[in-house]
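These notes concern the structure reproduced below.
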Amino acid sequence: MPEDNINQIDFDDLNKRAISQPLVTHIFTADPSAHVFNGKIYIYPSHDIDAGDAFDDLGSHFAMEDYHVLSMDNPQSEAVDNGLALHVKDVPWAAKQMWAPDAAEKDGRYYLYFPAKGHDGIFRIGVATSSSPAGPFTPEPEAIKGSFSIDPAVFKDENGSYYLYFGGIWGGQLQRWRTGQFNGEQPDSPVAFLPADDEPALCAKVAKLTGDLLEFAEEPKDVLIVDENGNPLLNGDNDRRFFEASWMHKYNGKYYFSYSTGDTHFLCYAIGDSPYGPFTYAGRILEPVVGWTSHHSICEFNGKWYLFYHDSSLSNGVTHLRCVKVTELTYDDNGRIQTIRPYNA
């Protein structure tokens, strides 16, 4: 929902119409990555703070410093804040902006994947480990070799392979890596080096992880999204093209790649037959929420599916002070996700 409309919102009315309420209210949280570990739901969100940074299209006001892990016995139960899981000061290579994380489990170890800007101002993706899904997590001393950009999302396939999806344009810097090297020119421009509107949109990236889940096992590949005719979505198709917030889940044997369209504020999805794609655009998961960003995860619990998402209702519309929520997600008989309207409008 555009920033200039915030002053016209009656938040008492909006919160009454909202299909769900914030899972926690004592801190601001966003970008919830939800997983079921040991029969419980664990949510790995960003931890929003008001750091006083200027608002800009590079996302400087999203100045998060640490992570807290939330847990729930079930989607209807109270969410518990398990305290500090990882702080930027404990990550040797990272300087600031601990943006949207995700987590995975293998052989009783838990892995937290997170983006941060290094001391050179370039986003990389790091990993930290713990014996507990709630943390605290101990970071590796260096970022993942060959990593860049933001929004890691890890997917475990049924054959035991793990894949890391990542990437985001504008402040997420994906467009600065088009040549394979970081282009630091025009540092204040969020849109420099994007394709023309009539050119294919930039893609999220995917790489299989090594057996220890600490490195890429291969060069990252493009996550191609195509239209109903098999043509790549174009950069100017900003109601459908990828912007940020990758997520992968599997339903009835198909791979569902979901993501945010960023400046048009939709959560969309595309369906494919492989974790690598290509993925055919299939529709919208969530209509725009209050606040500029939209970022989510999709999780199954006891045979039902749930969308974890965020909005800025808790802060009365402050874009970088958000709150995570959950609502049930349903499919039709053809496997299409039923579009969710967050305020019953």
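FYI, nothing fancy with the structure tokens labels: chains A, B, ... in order, residues from 1 per chain, ligands from 1 as they appear.
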
Practice problem: Would you please give, as an NGL selection string, all residues of segment 212-331 of chain A that DSSP assigns to strand (DSSP E or B) based on the backbone? | Solution: :A and (216 or 221-223 or 225-226 or 232 or 234 or 244-251 or 254-260 or 267-272 or 279-286 or 297-301 or 304-311 or 323-329 or 331)

Per-residue nearest contacts of segment 103-172 of chain A to segment 71-74 of chain A (12 Å; only C-alpha atoms) as a tab-separated table:
residue	atom	partner	partner_atom	distance
A:Ser132	CA	A:Ser71	CA	11.9
A:Pro133	CA	A:Ser71	CA	9.2
A:Ala134	CA	A:Ser71	CA	7.8
A:Gly135	CA	A:Ser71	CA	11.4

At a cut-off of 8 Å, can you tabulate as a tab-separated table every residue of segment 186-216 of chain A near segment 159-176 of chain A together with its closest atom pair and the distance in Å to one decimal, using only C-alpha atoms and ordering rows by chain then number?
residue	atom	partner	partner_atom	distance
A:Pro190	CA	A:Trp170	CA	4.3
A:Val191	CA	A:Trp170	CA	5.6
A:Ala192	CA	A:Gln175	CA	7.6
A:Phe193	CA	A:Gln175	CA	5.7
A:Leu194	CA	A:Gln175	CA	5.5
A:Leu202	CA	A:Gln175	CA	7.3
A:Cys203	CA	A:Gly167	CA	7.9
A:Ala204	CA	A:Gly167	CA	5.0
A:Lys205	CA	A:Phe166	CA	5.3
A:Val206	CA	A:Tyr165	CA	4.4
A:Ala207	CA	A:Leu164	CA	5.4
A:Lys208	CA	A:Tyr163	CA	4.3
A:Leu209	CA	A:Tyr162	CA	5.6
A:Leu213	CA	A:Tyr162	CA	7.6

Exercise. Name all residues at most 10 Å from Ala201 of chain A (count only C-alpha atoms; drop same-chain ones fewer than 2 positions away) and give them as a PyMOL selection string.
Key: chain A and resi 194-199+203-204+224-225+232-238+240-243

Quiz item: Between atom CA of Ser260 of chain A and atom CA of Asp13 of chain A, what is the distance, to one decimal in Å?
Solution: 26.1 Å

Exercise. Can you list, as a list of chain:residue names, all residues belonging to segment 129-317 of chain A that DSSP tags as helix (DSSP H, G or I)?
Key: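 Helix (DSSP H, G or I) assignments inside segment 129-317 of chain A correspond to A:Trp170, A:Gly171, A:Gly172, A:Leu174, A:Gln175, A:Arg176, A:Trp177, A:Gly262, A:Asp263, A:Thr264.
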
Exercise. Skip Tyr42 of chain A itself and residues of its chain fewer than 4 positions away, then list as JSON, numbers by chain all residues within 7 Å of it, counting only C-alpha atoms.
Key: {"A": [34, 35, 36, 37, 69, 70, 71, 72]}

Self-check item: Exercise: Val318 of chain A partners within 9 Å, only C-alpha atoms, chain neighbours under 2 positions left out, as JSON, numbers by chain
Solution: {"A": [3, 6, 290, 291, 292, 312, 313, 314, 315, 316, 320, 321, 322]}

For Ala100 of chain A, find every residue with an atom within 6 Å (counting only C-alpha atoms), except residues of its own chain fewer than 5 positions away, and show them as an mmCIF file with N, CA and C atoms, in the first residue's frame.
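Wrote selection_11.cif, looks like this:
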data_model
loop_
_atom_site.group_PDB
_atom_site.id
_atom_site.type_symbol
_atom_site.label_atom_id
_atom_site.label_comp_id
_atom_site.auth_asym_id
_atom_site.auth_seq_id
_atom_site.Cartn_x
_atom_site.Cartn_y
_atom_site.Cartn_z
ATOM 1 N N ASP A 31 9.342 -10.386 7.380
ATOM 2 C CA ASP A 31 9.996 -11.391 6.526
ATOM 3 C C ASP A 31 10.013 -12.782 7.171
ATOM 4 N N SER A 46 12.996 -11.118 10.249
ATOM 5 C CA SER A 46 13.836 -9.952 10.507
ATOM 6 C C SER A 46 13.349 -9.294 11.794
ATOM 7 N N ASP A 151 18.006 -12.068 0.692
ATOM 8 C CA ASP A 151 16.819 -12.921 0.800
ATOM 9 C C ASP A 151 17.084 -14.405 0.537
#

Quiz prompt | 10 Å contact set for segment 89-92 of chain A, only C-alpha atoms, chain neighbours under 5 positions out, as an MDAnalysis selection string | solution = chainID A and resid 65:66 116 118:119 126:128 137:143

Quiz prompt | Nearest-residue call for Pro136 of chain A, choices A:His249, A:His68, A:Lys16, A:Arg341, using only C-alpha atoms | solution =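 Closest candidate: A:His68.
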
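Going from atom CA of Glu158 of chain A over to atom CA of Glu300 of chain A, you cover 14.5 Å.
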
Exercise. Counting only C-alpha atoms, figure out which residue out of A:Phe266, A:Tyr44, A:Phe123, A:Phe279 gets nearest to Gly184 of chain A.
Key: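 Answer, going by the shortest atom-to-atom distance: A:Phe123.
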
Quiz item: Which is closest to Gly253 of chain A among A:Gly230, A:Gly180, A:Gly335, A:Gly283, if we use only C-alpha atoms?
Solution: A:Gly335

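Closest to Val289 of chain A among A:Tyr343, A:Tyr331, A:Tyr251, A:Tyr113 is A:Tyr343, based on only C-alpha atoms.
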
Quiz item: A:Gly211, A:Ser77, A:Ser33, A:Leu307: which is nearest Asp107 of chain A, counting only C-alpha atoms?
Solution: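 Of the candidates, the smallest distance to Asp107 of chain A is held by A:Gly211.
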
Quiz item: What does the distance from atom CA of Lys304 of chain A to atom CA of Lys106 of chain A come to in Å, to one decimal?
Solution: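 We find that atom CA of Lys304 of chain A and atom CA of Lys106 of chain A lie 23.6 Å from each other.
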
Quiz prompt | Pick from A:His61, A:Pro115, A:Val24, A:Phe55, whichever lies nearest to Asn82 of chain A using only C-alpha atoms | solution =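 Ranked by minimum distance to Asn82 of chain A, first place goes to A:Val24.
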